[in-house]
Every structure is written in C-alpha cells, then in structure tokens.
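Engineer: I have a structure I would like to understand better, so I am pasting it below and will then ask my questions one at a time.
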Amino acid sequence: MFACAQFVALTVVAMLFYPGGTFVDPATMGYSFFRNFFSDLGRTHAHSGAPNTVSAILFFVALTVAGLGLATFFLAMRRFFRQDRSARLLSRLGSLAGLVSGLAFVGVAWAPVNLAGALHRLFVQVAFLGFFVAVLSYIGAMLRTRTYPRRYARVCGVFVLLLAAYLLLLFFGPSLWSATGLIINATGQKIIIYAALISAFVLADGSRRLIAAAAARHSTAG
C-alpha cells in the first residue's frame with residue numbers, strides 16, 4: 001500500500017519538475033499528461049535537451065520502491081492459497097510471474113530510456129507480460145479458494161481485461177511518431193498504471209484485513 005501511494009506522490013512531483021519536450025515535439029513546455037510517458041520522467045535529459053535531474057531521481061526512487069513492493073506482495077500472497085492443490089500451484093505460478101514483473105519494473109527504473117532504450121523497452125514488455133500472468137494465475141487461485149472473498153477476484157478480473165487491452169496497444173498500437181498515436185499510447189499507459197496501482201492497493205488492503213480477521217479469531221479462540 002505504501003509502495004502504491006509513494007509512486008503516485010513522487011511521480012506527481014516529478015511531473016512538476018520535468019523541463020519539457022515530448023517524443024514528437026521537443027519544444028513543448030513542462031510535462032504533458034497525455035503526451036508524455038512515465039518513462040520521460042526518468043530520462044537524464046528531457047526531450048527538450050534540458051537536464052532532468054530532479055524528475056529522474058524522483059522517478060527512479062518511485063519505480064524502484066513500487067517494483068520491489070510488487071514483487072514482495074506477490075510472494076506474500078501465497079499464504080492465502082494453501083488449502084487447495086490447484087490454488088496452491090496457481091499461486092506459485094502467480095508469485096513467480098509477479099516476482100519477475102516487479103524486478104522488471106525495477107529494471108525500467110535503472111535503465112533510463114535515453115541511455116538504454118532497447119533494454120528499457122525490454123524491461124517494460126517483460127514487466128507487463130509478467131504482471132498479466134501473475135494476475136491471471138491469482139484469479140484462478142482465488143476462485144479455487146472458498147475462504148478468499150470473491151470481490152477481489154472481480155477486481156483482478158477487471159484489471160486483467162484492461163491489462164490485456166494495454167498489451168495489445170503496447171505490441172500492436174499506433175506509431176509514436178504521429179501526434180494521435182502518441183496521445184493514444186501515453187494515455188493508455190496512464191490508464192493501465194493507475195489501474196494497476198488501484199488494484200494492488202485494494203488487494204493489499206484486503207490482505208491486511210484478512211490477516212487481521214484471522215488474528216482476531218485466533219485470539220478469541222485462545
């Protein structure tokens with residue numbers, strides 16, 4: 001929950017410090033929410049050519065913490081799915097994919113797009129593909145576990161549909177070199193990132209509540 005909140009807070013501040021420039025127009029001033037990517041915040045120099053030190057540091061911290069938080073969260077999620085063999089196997093697959101996804105997001109932070117473009121894009125693709133496999137696996141685990149509230153499976157179901165749509169955009173979407181294509185891609189990224197943060201926050205809060213309820217029952221039984 002902290003990892004989600006700090007990512008939103010730090011990237012909002014980073015947007016305020018971004019000097020300017022987009023993929024197709026280096027002359028724009030400041031950060032354009034619908035024309036700049038999150039990755040632009042991590043550039044050592046903005047598209048305008050100006051140094052981007054403050055935004056780059058904030059983005060680096062925000063995404064590193066978020067990626068590590070995501071990886072840790074998926075590893076911890078396995079504890080809820082030990083009763084059913086199928087759920088146990090699905091949760092293990094989900095945790096492995098989630099770990100890969102979280103570490104790939106850290107890789108995105110450590111490979112600024114203007115210094116290591118190919119590696120940066122590879123990390124992005126691995127991160128979102130891993131995230132898709134992780135969430136899809138955990139949907140199956142949730143549906144196989146009677147004690148796990150179904151509402152969280154529904155939250156994951158909505159998110160995985162959005163993520164599937166974003167993967168299609170990521171791999172087969174319009175070119176970034178056109179003004180319309182840039183807006184579609186940048187806006188799509190914002191939607192999926194914020195949807196991921198909301199979903200992860202809801203699941204983390206739900207997990208916290210389940211742990212607290214289990215502890216209360218144990219205390220009462222004792």
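Ordering of the structure tokens sets the chain letters (A, B, ...), residue numbers begin anew at 1 in every chain, and ligands are numbered from 1 in the order given.
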Write out as number ranges by chain all residues of segment 23-222 of chain A that DSSP puts in helix (DSSP H, G or I) for this structure's backbone.

Structural biologist: A: 38-41, 53-80, 85-110, 117-144, 150-172, 179-221

Engineer: For His45 of chain A, find every residue with an atom within 10 Å (counting only C-alpha atoms), except residues of its own chain fewer than 2 positions away, and show them as a list of chain:residue names.

Structural biologist: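 Neighbouring residues, sequence-local ones excluded: A:Tyr18, A:Pro19, A:Gly20, A:Asp40, A:Leu41, A:Gly42, A:Arg43, A:His47, A:Ser48, A:Gly49, A:Ala50, A:Pro51, A:Asn52, A:Thr53, A:Ser55, A:Ala56, A:Pro112, A:Asn114, A:Leu115.
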
Engineer: Keeping N, CA and C atoms for every residue in the selection just given, could you write it to a file as a compact mmCIF listing (two decimals), in the first residue's frame?

Structural biologist:
# COMPACT_ATOMS: atom_id res chain seq x y z
N TYR A 18 9.56 18.34 -14.52
CA TYR A 18 10.01 17.95 -15.86
C TYR A 18 10.13 19.19 -16.75
N PRO A 19 11.29 19.42 -17.38
CA PRO A 19 11.52 20.67 -18.14
C PRO A 19 10.62 20.84 -19.36
N GLY A 20 10.41 19.76 -20.11
CA GLY A 20 9.58 19.89 -21.31
C GLY A 20 10.05 19.01 -22.45
N ASP A 40 9.45 9.23 -19.50
CA ASP A 40 10.08 10.53 -19.76
C ASP A 40 10.57 11.16 -18.46
N LEU A 41 9.90 10.84 -17.36
CA LEU A 41 10.33 11.39 -16.06
C LEU A 41 11.68 10.83 -15.65
N GLY A 42 12.02 9.64 -16.14
CA GLY A 42 13.27 9.01 -15.76
C GLY A 42 14.44 9.33 -16.66
N ARG A 43 14.21 10.12 -17.70
CA ARG A 43 15.29 10.50 -18.61
C ARG A 43 16.30 11.39 -17.89
N HIS A 47 13.26 15.59 -23.32
CA HIS A 47 13.21 15.65 -24.79
C HIS A 47 13.65 17.02 -25.29
N SER A 48 13.49 18.05 -24.48
CA SER A 48 13.90 19.40 -24.88
C SER A 48 15.41 19.56 -24.88
N GLY A 49 16.11 18.62 -24.26
CA GLY A 49 17.56 18.69 -24.15
C GLY A 49 18.03 19.21 -22.80
N ALA A 50 17.12 19.72 -22.00
CA ALA A 50 17.48 20.27 -20.68
C ALA A 50 17.74 19.14 -19.69
N PRO A 51 18.64 19.36 -18.72
CA PRO A 51 18.86 18.36 -17.67
C PRO A 51 17.56 18.07 -16.92
N ASN A 52 17.40 16.82 -16.55
CA ASN A 52 16.16 16.39 -15.92
C ASN A 52 16.44 15.71 -14.58
N THR A 53 17.38 16.24 -13.83
CA THR A 53 17.93 15.57 -12.66
C THR A 53 16.88 15.29 -11.58
N SER A 55 13.49 15.22 -11.65
CA SER A 55 12.47 14.26 -12.07
C SER A 55 13.04 12.85 -12.17
N ALA A 56 14.25 12.75 -12.71
CA ALA A 56 14.87 11.43 -12.88
C ALA A 56 15.09 10.74 -11.53
N PRO A 112 17.36 4.20 -17.89
CA PRO A 112 16.69 5.36 -18.49
C PRO A 112 16.55 5.19 -20.00
N ASN A 114 16.61 7.19 -22.44
CA ASN A 114 17.51 7.92 -23.33
C ASN A 114 18.94 7.39 -23.28
N LEU A 115 19.26 6.53 -22.30
CA LEU A 115 20.60 5.96 -22.20
C LEU A 115 20.63 4.49 -22.62

Engineer: Which one is closest to Gly206 of chain A: A:Val61, A:Ile139, A:Leu168, A:Met1? Count only C-alpha atoms.

Structural biologist: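 Closest to Gly206 of chain A, using only C-alpha atoms: A:Met1.
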
Engineer: Go ahead and compute the interatomic distance for atom CA of Val106 of chain A and atom CA of Phe23 of chain A, in Å to one decimal.

Structural biologist: 22.7 Å

Engineer: Just to confirm, what's the straight-line distance from atom CA of Ser86 of chain A to atom CA of Phe73 of chain A in Å (one decimal)?

Structural biologist: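 Between atom CA of Ser86 of chain A and atom CA of Phe73 of chain A the gap works out to 20.3 Å.
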
Engineer: Please determine, counting only C-alpha atoms, which residue among A:Phe171, A:Ala215, A:Cys156, A:Ala116 has the shortest atom-to-atom distance to Val202 of chain A.

Structural biologist: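 Between A:Phe171, A:Ala215, A:Cys156, A:Ala116, the residue approaching Val202 of chain A most closely is A:Cys156.
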
Engineer: A:Ala186, A:Leu203, A:Gly130, A:Val124: which is nearest Tyr152 of chain A, counting only C-alpha atoms?

Structural biologist: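 Checking each of A:Ala186, A:Leu203, A:Gly130, A:Val124 against Tyr152 of chain A, counting only C-alpha atoms, the winner is A:Leu203.
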